[in-house]
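Coordinates from coords13.tsv are shown below (TSV, C-alpha atoms and all ligand atoms).
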chain	number	residue	atom	x	y	z
A	181	MET	CA	-16.48	-19.57	-7.50
A	182	ILE	CA	-17.73	-17.27	-4.78
A	183	PHE	CA	-15.83	-14.14	-3.79
A	184	LYS	CA	-16.38	-12.06	-0.69
A	185	THR	CA	-14.50	-9.16	0.84
A	186	LEU	CA	-14.19	-9.48	4.64
A	187	ARG	CA	-12.09	-6.40	5.47
A	188	SER	CA	-10.91	-3.71	3.07
A	189	GLY	CA	-8.82	-0.65	3.84
A	190	SER	CA	-5.82	0.55	5.82
A	191	SER	CA	-7.31	-0.80	9.07
A	192	GLY	CA	-7.10	-4.36	7.73
A	193	ASN	CA	-7.52	-6.47	4.61
A	194	ALA	CA	-8.89	-9.97	4.09
A	195	LEU	CA	-10.66	-11.40	1.03
A	196	LEU	CA	-12.24	-14.82	0.65
A	197	LEU	CA	-12.52	-17.11	-2.34
A	198	GLU	CA	-14.45	-20.38	-2.46
A	199	TRP	CA	-14.51	-22.90	-5.30
A	200	GLY	CA	-15.26	-26.52	-6.18
A	201	GLU	CA	-18.10	-28.92	-5.47
A	202	GLY	CA	-18.56	-31.63	-2.86
A	203	VAL	CA	-15.27	-32.99	-1.53
A	204	HIS	CA	-13.34	-30.61	-3.83
A	205	ARG	CA	-14.89	-27.56	-2.22
A	206	ALA	CA	-12.22	-25.34	-0.65
A	207	ARG	CA	-11.58	-21.79	0.48
A	208	LEU	CA	-8.60	-19.48	0.22
A	209	LEU	CA	-8.09	-16.38	2.28
A	210	ILE	CA	-6.24	-13.54	0.58
A	211	ASP	CA	-4.40	-11.44	3.15
A	212	CYS	CA	-4.96	-11.50	6.90
A	213	GLY	CA	-4.23	-7.98	8.17
A	214	LEU	CA	-6.33	-8.16	11.33
A	215	ARG	CA	-5.22	-6.07	14.30
A	216	SER	CA	-5.10	-8.83	16.93
A	217	GLN	CA	-4.97	-12.60	17.31
A	218	LYS	CA	-8.44	-12.51	18.82
A	219	ALA	CA	-9.87	-10.56	15.87
A	220	PHE	CA	-8.28	-12.94	13.37
A	221	VAL	CA	-9.53	-16.08	15.16
A	222	GLN	CA	-13.00	-14.55	15.29
A	223	LEU	CA	-12.83	-13.79	11.56
A	224	LEU	CA	-11.78	-17.38	10.81
A	225	GLU	CA	-14.56	-18.86	12.93
A	226	GLU	CA	-17.39	-16.52	12.08
A	227	GLU	CA	-16.71	-15.12	8.61
A	228	VAL	CA	-14.43	-17.59	6.84
A	229	GLY	CA	-16.23	-20.56	8.41
A	230	LEU	CA	-14.97	-23.97	9.45
A	231	ASP	CA	-17.45	-26.02	7.40
A	232	VAL	CA	-15.23	-26.03	4.26
A	233	PRO	CA	-11.45	-26.74	4.32
A	234	LEU	CA	-9.24	-23.65	4.26
A	235	ALA	CA	-6.50	-24.31	1.69
A	236	GLY	CA	-4.38	-21.49	3.09
A	237	VAL	CA	-3.72	-17.78	3.14
A	238	LEU	CA	-2.31	-16.04	0.06
A	239	ILE	CA	-0.35	-12.85	0.77
A	240	THR	CA	-0.26	-9.78	-1.51
A	241	HIS	CA	2.58	-7.92	0.27
A	242	ALA	CA	4.24	-7.38	3.65
A	243	HIS	CA	2.44	-4.22	4.87
A	244	SER	CA	0.87	-4.85	8.27
A	245	ASP	CA	-2.68	-4.15	7.11
A	246	HIS	CA	-2.26	-7.29	4.94
A	247	VAL	CA	-0.16	-9.56	7.15
A	248	ASN	CA	1.34	-9.05	10.61
A	249	TYR	CA	2.76	-10.76	13.66
A	250	SER	CA	-0.64	-11.40	15.31
A	251	ALA	CA	-1.99	-13.10	12.20
A	252	LEU	CA	1.21	-15.16	11.82
A	253	ARG	CA	0.91	-16.43	15.39
A	254	VAL	CA	-2.60	-17.70	14.69
A	255	ILE	CA	-1.48	-19.18	11.36
A	256	ASP	CA	1.34	-21.00	13.15
A	257	ARG	CA	-0.94	-22.28	15.92
A	258	LEU	CA	-3.60	-23.56	13.51
A	259	GLY	CA	-1.13	-24.91	10.92
A	260	ILE	CA	-2.57	-22.87	8.04
A	261	PRO	CA	-0.39	-22.92	4.86
A	262	VAL	CA	0.84	-19.53	3.66
A	263	PHE	CA	1.22	-19.03	-0.09
A	264	ILE	CA	3.73	-16.25	-0.54
A	265	HIS	CA	6.16	-14.87	-3.13
A	266	GLU	CA	9.74	-15.71	-2.16
A	267	LYS	CA	10.76	-12.04	-1.92
A	268	THR	CA	7.64	-11.14	0.09
A	269	ARG	CA	8.47	-13.95	2.48
A	270	ASP	CA	11.85	-12.32	3.23
A	271	GLN	CA	10.13	-8.98	3.75
A	272	VAL	CA	7.53	-10.53	6.07
A	273	HIS	CA	10.36	-12.07	8.09
A	274	LYS	CA	12.19	-8.74	8.39
A	275	ARG	CA	9.09	-6.73	9.29
A	276	HIS	CA	7.04	-9.11	11.40
A	277	LEU	CA	9.21	-12.01	12.56
A	278	HIS	CA	12.57	-10.38	13.22
A	279	PRO	CA	13.91	-11.67	16.57
A	280	SER	CA	14.39	-8.10	17.82
A	281	ARG	CA	10.69	-7.38	17.33
A	282	ILE	CA	8.98	-10.44	18.75
A	283	PRO	CA	8.90	-11.93	22.25
A	284	SER	CA	11.75	-14.39	22.81
A	285	SER	CA	9.19	-17.04	23.78
A	286	ALA	CA	7.61	-16.92	20.32
A	287	ASN	CA	8.89	-19.49	17.90
A	288	LEU	CA	7.27	-19.20	14.54
A	289	GLU	CA	9.79	-21.26	12.62
A	290	GLY	CA	7.19	-23.93	12.00
A	291	ILE	CA	4.95	-21.82	9.76
A	292	ASP	CA	4.12	-23.72	6.59
A	293	PHE	CA	5.35	-21.16	4.01
A	294	ARG	CA	4.81	-22.26	0.41
A	295	ASN	CA	6.89	-20.02	-1.78
A	296	PHE	CA	6.20	-19.16	-5.37
A	297	GLY	CA	8.07	-17.14	-7.98
A	298	ILE	CA	6.81	-15.70	-11.25
A	299	ASP	CA	4.97	-18.79	-12.49
A	300	PRO	CA	1.30	-19.67	-11.99
A	301	PHE	CA	0.69	-22.39	-9.41
A	302	ALA	CA	-2.19	-24.61	-8.32
A	303	VAL	CA	-4.03	-24.60	-5.03
A	304	GLY	CA	-6.18	-27.71	-5.46
A	305	ASP	CA	-8.31	-27.09	-8.56
A	306	LEU	CA	-7.59	-23.37	-8.48
A	307	MET	CA	-4.86	-21.87	-10.69
A	308	VAL	CA	-3.26	-18.78	-9.22
A	309	THR	CA	-1.31	-16.39	-11.45
A	310	PRO	CA	0.83	-13.82	-9.60
A	311	ILE	CA	1.05	-10.38	-11.22
A	312	HIS	CA	3.82	-8.13	-9.97
A	313	LEU	CA	2.53	-4.62	-9.17
A	314	PRO	CA	4.35	-1.36	-8.40
A	315	HIS	CA	3.61	-0.20	-4.82
A	316	ALA	CA	5.81	1.40	-2.11
A	317	PRO	CA	9.61	1.24	-2.60
A	318	GLY	CA	11.08	-1.99	-1.30
A	319	VAL	CA	7.68	-3.65	-0.82
A	320	ASN	CA	7.26	-6.54	-3.22
A	321	THR	CA	3.57	-6.60	-4.19
A	322	HIS	CA	1.35	-8.93	-6.22
A	323	GLY	CA	-2.13	-8.94	-7.64
A	324	TYR	CA	-3.61	-12.29	-8.58
A	325	ARG	CA	-5.70	-13.82	-11.29
A	326	PHE	CA	-7.63	-16.94	-10.30
A	327	ASP	CA	-8.85	-19.51	-12.83
A	328	CYS	CA	-11.03	-22.47	-11.95
A	329	GLY	CA	-12.44	-24.10	-15.08
A	330	ARG	CA	-14.14	-21.24	-16.89
A	331	HIS	CA	-14.48	-19.11	-13.78
A	332	ARG	CA	-12.04	-16.21	-13.72
A	333	LEU	CA	-11.44	-13.50	-11.19
A	334	LEU	CA	-8.74	-10.90	-10.59
A	335	ILE	CA	-7.78	-9.00	-7.47
A	336	ALA	CA	-5.41	-6.01	-7.37
A	337	THR	CA	-4.87	-3.84	-4.34
A	338	ASP	CA	-2.06	-1.55	-3.16
A	339	PHE	CA	-0.49	-0.37	-6.40
A	340	HIS	CA	-0.18	2.88	-8.29
A	341	GLU	CA	0.10	1.88	-11.92
A	342	GLY	CA	-1.90	-0.90	-13.59
A	343	ASP	CA	-0.29	-1.57	-16.98
A	344	ALA	CA	0.89	-5.00	-15.81
A	345	LEU	CA	-2.71	-6.04	-15.14
A	346	LEU	CA	-4.16	-5.42	-18.58
A	347	PRO	CA	-3.20	-8.74	-20.23
A	348	TYR	CA	-4.62	-10.65	-17.25
A	349	LEU	CA	-7.88	-8.73	-17.11
A	350	GLN	CA	-9.14	-10.08	-20.42
A	351	ASP	CA	-12.16	-12.39	-20.01
A	352	VAL	CA	-12.25	-12.04	-16.26
A	353	ASP	CA	-15.76	-12.07	-14.78
A	354	LEU	CA	-15.10	-10.25	-11.53
A	355	ILE	CA	-12.48	-7.64	-10.68
A	356	TYR	CA	-11.60	-6.42	-7.20
A	357	ILE	CA	-9.57	-3.26	-7.64
A	358	GLU	CA	-8.18	-0.61	-5.34
A	359	SER	CA	-9.82	2.81	-5.58
A	360	ASN	CA	-7.97	4.51	-2.76
A	361	TYR	CA	-8.38	8.27	-2.86
A	362	ASP	CA	-10.07	11.26	-4.40
A	363	PRO	CA	-7.45	13.79	-5.61
A	364	GLU	CA	-9.41	16.78	-4.23
A	365	LEU	CA	-9.68	15.21	-0.75
A	366	LEU	CA	-5.97	14.33	-0.96
A	367	ARG	CA	-5.21	18.02	-1.41
A	368	GLN	CA	-7.18	18.76	1.77
A	369	TYR	CA	-5.80	15.86	3.82
A	370	TYR	CA	-2.38	15.35	2.31
A	371	ASN	CA	-0.66	12.00	2.78
A	372	PRO	CA	2.64	11.35	0.97
A	373	ALA	CA	1.95	7.58	1.00
A	374	SER	CA	-1.11	8.05	-1.25
A	375	ARG	CA	1.23	8.18	-4.23
A	376	TYR	CA	1.69	4.43	-3.83
A	377	HIS	CA	-2.04	3.81	-4.23
A	378	MET	CA	-4.62	4.11	-7.00
A	379	SER	CA	-6.77	7.24	-7.12
A	380	ASN	CA	-10.44	6.85	-8.08
A	381	GLU	CA	-9.59	8.35	-11.46
A	382	ALA	CA	-6.63	6.01	-12.06
A	383	ALA	CA	-8.76	2.95	-11.23
A	384	ALA	CA	-11.54	4.24	-13.52
A	385	GLU	CA	-9.07	4.94	-16.32
A	386	LEU	CA	-7.65	1.42	-16.05
A	387	MET	CA	-11.14	-0.08	-16.37
A	388	ASP	CA	-11.80	2.24	-19.31
A	389	ARG	CA	-8.69	0.92	-21.08
A	390	LEU	CA	-9.78	-2.64	-20.35
A	391	LEU	CA	-13.24	-2.10	-21.84
A	392	GLU	CA	-11.81	-0.37	-24.88
A	393	GLU	CA	-9.80	-3.49	-25.73
A	394	ASN	CA	-12.11	-6.21	-24.46
A	395	GLU	CA	-15.18	-7.59	-26.17
A	396	CYS	CA	-16.09	-9.67	-23.17
A	397	PRO	CA	-15.95	-7.28	-20.22
A	398	PRO	CA	-16.38	-8.20	-16.55
A	399	CYS	CA	-19.86	-8.54	-15.05
A	400	THR	CA	-18.83	-7.21	-11.65
A	401	ILE	CA	-16.30	-4.67	-10.38
A	402	VAL	CA	-15.73	-4.35	-6.63
A	403	LEU	CA	-13.87	-1.22	-5.49
A	404	GLY	CA	-11.70	-1.70	-2.44
A	405	HIS	CA	-9.13	-0.25	-0.06
A	406	LEU	CA	-10.83	3.17	0.10
A	407	SER	CA	-9.07	5.72	2.29
A	408	THR	CA	-11.16	6.89	5.27
A	409	GLU	CA	-10.21	10.55	5.12
A	410	ARG	CA	-9.43	10.91	1.43
A	411	ASN	CA	-12.36	9.07	-0.16
A	412	THR	CA	-16.03	8.19	0.12
A	413	PRO	CA	-17.92	5.27	-1.47
A	414	GLU	CA	-19.97	7.84	-3.44
A	415	LEU	CA	-16.86	9.51	-4.95
A	416	ALA	CA	-15.25	6.17	-5.85
A	417	LEU	CA	-18.46	4.91	-7.47
A	418	SER	CA	-19.11	8.08	-9.40
A	419	ALA	CA	-15.58	8.20	-10.90
A	420	MET	CA	-15.97	4.58	-12.03
A	421	LYS	CA	-19.53	5.10	-13.33
A	422	GLU	CA	-18.38	8.05	-15.41
A	423	SER	CA	-15.73	5.88	-17.05
A	424	LEU	CA	-18.10	2.98	-17.72
A	425	ALA	CA	-20.90	5.21	-19.06
A	426	TYR	CA	-19.35	5.19	-22.55
A	427	TYR	CA	-19.96	1.47	-22.89
A	428	ASP	CA	-23.20	-0.47	-23.33
A	429	HIS	CA	-22.13	-3.37	-21.16
A	430	PRO	CA	-24.08	-3.73	-17.94
A	431	ILE	CA	-21.46	-3.96	-15.18
A	432	GLU	CA	-22.42	-4.26	-11.53
A	433	LEU	CA	-20.44	-1.89	-9.33
A	434	HIS	CA	-19.89	-2.39	-5.60
A	435	VAL	CA	-17.77	-0.87	-2.84
A	436	ALA	CA	-16.17	-3.24	-0.33
A	437	PRO	CA	-17.19	-2.40	3.27
A	438	ARG	CA	-14.24	-1.42	5.46
A	439	HIS	CA	-14.94	-3.37	8.66
A	440	SER	CA	-17.49	-6.01	7.70
A	441	PRO	CA	-18.05	-8.71	5.06
A	442	SER	CA	-19.54	-7.86	1.69
A	443	GLU	CA	-22.36	-9.83	0.17
A	444	PRO	CA	-21.15	-13.00	-1.64
A	445	PHE	CA	-20.41	-12.42	-5.34
A	446	PHE	CA	-21.00	-15.42	-7.58
A	447	VAL	CA	-18.39	-15.57	-10.35
A	448	LYS	CA	-20.02	-16.60	-13.62
A	449	GLU	CA	-18.57	-18.97	-16.23
A	450	ARG	CA	-16.88	-17.44	-19.25
A	451	ASN	CA	-16.24	-18.82	-22.71
B	501	ZN	ZN	0.42	-1.61	1.09
When written as C-alpha cells, how does the structure in this file appear?
Amino acid sequence: MIFKTLRSGSSGNALLLEWGEGVHRARLLIDCGLRSQKAFVQLLEEEVGLDVPLAGVLITHAHSDHVNYSALRVIDRLGIPVFIHEKTRDQVHKRHLHPSRIPSSANLEGIDFRNFGIDPFAVGDLMVTPIHLPHAPGVNTHGYRFDCGRHRLLIATDFHEGDALLPYLQDVDLIYIESNYDPELLRQYYNPASRYHMSNEAAAELMDRLLEENECPPCTIVLGHLSTERNTPELALSAMKESLAYYDHPIELHVAPRHSPSEPFFVKERN
C-alpha cells in the first residue's frame, strides 16, 4: 500500500491510498474538499493520476473542507462512486445538495452513493473499517482503518477525543492523525471551533497511550490538518517527539503539507 496526503487543513482535505498489483491495482481518494470544480479536476488529473483505476471517494464527514457541492458535481460528471456512512450521506444532502442551495439546472440525483453502516466493508481487495469519532455537534464523523493483506493503515482527522481509535491502532504500520492546534496559540487567536479538533498535546498523548499498550508500534506517523494561525509544523512535531522520546522504537514523523502533495509513504507488511 502507498499512502499520500494531497491536501490537509481547513482550506481543503484529500488523501490518497493505492494498493494491489497488476490488474488488481487500485486507488481510493479519502475526502475531496477542493474549493472549485476546476481545482478538483486538476487534482484528479495531476495528483491522483488516471493510470490506475480510481475505486471511488471515501468521505469522513460533511464539512465543506472534506466534501462540497463543487466536488460532488465533478463526481457526478465522472461517475465516481462515493463510499459514505448512511448518516453522513443525509448530512451531505442537507448541506451541499439541498435544492434551495444549488442551481435549479443542477441534477445530482445520479451520484453513485454506496452507503455503509457500522460494519467493515470491502473496496476490491481493501477492507475498510469505519470508526465513529466525536467531532462537531450534529456532524457524523468517521476515521478509517484500512487492511490489505498484512498492510495496515489508519487515518483519523477532525475529532477531539481518540478513545475509540485505540483498539484499531494496534499493529497498524502508518497513522495519519490530526494535530490541529497549539494551546498557547489558541489563547492568542481564539477560535471556539478548535474544541472540536485535536490539540498537538492531545494527539501526542493518544500516541503515547498507543505505544504504552502496543509491542508492535507504527513505523510512520503523519500529522495532519494543522491550523494556519494556531499551529506550526515545528510545534506539532515537537509535541509528538516529546511523547515518543520515552520509547526506543524508531518512528518516522512527518507533517502533511497544506496545499501540496506529500511524498509517497510505503506501508510495510506486519505480522
Ligand atoms: Zn470537520
| task | Residues within 9 Å of ligand ZN 501 (chain B), counting only C-alpha atoms and all ligand atoms: report them as a PyMOL selection string. | result | chain A and resi 190+240-246+315-316+319+321+337-339+376-377
| To one decimal place, how far is CA of Ile401 (chain A) from CA of Ala344 (chain A) in Å? |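 So the two atoms, CA of Ile401 (chain A) and CA of Ala344 (chain A), lie 18.0 Å apart.
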Counting all atoms listed in the file, give me one row per residue of region 314-390 of chain A with an atom at most 12 Å from an atom of region 258-269 of chain A, showing the shortest contact pair and its distance in Å to one decimal, sorted by chain then residue number, as a Markdown table.
| residue | atom | partner | partner_atom | distance |
| --- | --- | --- | --- | --- |
| A:Gly318 | CA | A:Thr268 | CA | 9.9 |
| A:Val319 | CA | A:Thr268 | CA | 7.5 |
| A:Asn320 | CA | A:Thr268 | CA | 5.7 |
| A:Thr321 | CA | A:Thr268 | CA | 7.4 |
| A:His322 | CA | A:His265 | CA | 8.2 |
| A:Gly323 | CA | A:His265 | CA | 11.1 |
| A:Tyr324 | CA | A:His265 | CA | 11.5 |
| request: For Ala436 (chain A), work out the shell of residues within 9 Å, counting all atoms listed in the file and skipping chain neighbours fewer than 5 positions away, then give it as a PyMOL selection string. | output: chain A and resi 184-189+356+402-406+413+441-442
| field | Nearby residues (all atoms listed in the file) at most 12 Å from Glu409 (chain A), same-chain spacing under 4 positions excluded, as a list in words | value |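 The neighbour list is Gly189, Ser190, Asn360, Tyr361, Asp362, Pro363, Glu364, Leu365, Leu366, Arg367, Gln368, Tyr369, Tyr370, Asn371, Ser374 and Pro413 of chain A.
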| What separation in Å, quoted to one decimal, exists between CA of Arg257 (chain A) and CA of Leu197 (chain A)? |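 Between CA of Arg257 (chain A) and CA of Leu197 (chain A) the gap works out to 22.2 Å.
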Dump as a Markdown table the rows for residues of region 336-414 of chain A within 9 Å of region 303-311 of chain A: closest atom pair and distance in Å with one decimal, all atoms listed in the file counted, ordered by chain and rising residue number.
| residue | atom | partner | partner_atom | distance |
| --- | --- | --- | --- | --- |
| A:Ala336 | CA | A:Ile311 | CA | 8.7 |
| A:Ala344 | CA | A:Ile311 | CA | 7.1 |
| A:Leu345 | CA | A:Ile311 | CA | 7.0 |
| A:Tyr348 | CA | A:Ile311 | CA | 8.3 |
| field | Nearest residue to Arg205 (chain A) from the set A:Glu289, A:Pro300, A:Gly342, A:Cys328 (distances using only C-alpha atoms) | value | A:Cys328
| Counting all atoms listed in the file, the residue of A:Ile335, A:Leu313, A:Ala251, A:Ala383 that sits nearest Ile210 (chain A) |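 For Ile210 (chain A), the nearest of the given residues is A:Ile335.
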Any idea what's packed within 8 Å of Leu214 (chain A), counting only C-alpha atoms, ignoring anything in its chain fewer than 5 positions away? Could you give it as a PDB file with C-alpha atoms, keeping the file's coordinate frame?
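Output contents, as saved in selection20.pdb:
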ATOM      1  CA  SER A 191      -7.310  -0.800   9.070  1.00  0.00           C
ATOM      2  CA  GLY A 192      -7.100  -4.360   7.730  1.00  0.00           C
ATOM      3  CA  ASN A 193      -7.520  -6.470   4.610  1.00  0.00           C
ATOM      4  CA  ALA A 194      -8.890  -9.970   4.090  1.00  0.00           C
ATOM      5  CA  ALA A 219      -9.870 -10.560  15.870  1.00  0.00           C
ATOM      6  CA  PHE A 220      -8.280 -12.940  13.370  1.00  0.00           C
ATOM      7  CA  ASP A 245      -2.680  -4.150   7.110  1.00  0.00           C
ATOM      8  CA  HIS A 246      -2.260  -7.290   4.940  1.00  0.00           C
ATOM      9  CA  VAL A 247      -0.160  -9.560   7.150  1.00  0.00           C
ATOM     10  CA  ASN A 248       1.340  -9.050  10.610  1.00  0.00           C
ATOM     11  CA  SER A 250      -0.640 -11.400  15.310  1.00  0.00           C
ATOM     12  CA  ALA A 251      -1.990 -13.100  12.200  1.00  0.00           C
TER      13      ALA A 251
END
| Shortest interatomic distance to Glu198 (chain A) - which of A:Asp353, A:Asp231, A:Glu393, A:Asp292, counting all atoms listed in the file | A:Asp231
| query | From the set A:Arg207, A:His429, A:His331, A:Arg275, which residue has the shortest atom-to-atom contact distance to Cys399 (chain A), counting all atoms listed in the file? | reply |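 Smallest separation from Cys399 (chain A) among the options: A:His429.
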| Point-to-point distance from CA of Thr400 (chain A) to CA of Trp199 (chain A), Å rounded to tenths |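 Separating CA of Thr400 (chain A) from CA of Trp199 (chain A) is a distance of 17.5 Å.
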| message | Need to verify the contact set: Leu354 (chain A), 12 Å, only C-alpha atoms, exclusion of same-chain residues closer than 2 positions in sequence. Can you return it as a PyMOL selection string? | response | chain A and resi 181-184+197+325-327+331-336+348-352+356-357+387+396-403+431-434+444-450
| message | Taking only C-alpha atoms into account, name the residue in A:Gly290, A:Gln217, A:Gly202, A:Asn295 that is nearest to Val237 (chain A). | response |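 Using only C-alpha atoms, Val237 (chain A) sits closest to A:Asn295.
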| remark: Using all atoms listed in the file, the best pick from A:Arg253, A:Ala419, A:Leu208, A:Glu392 as closest to Val228 (chain A) would be A:Leu208
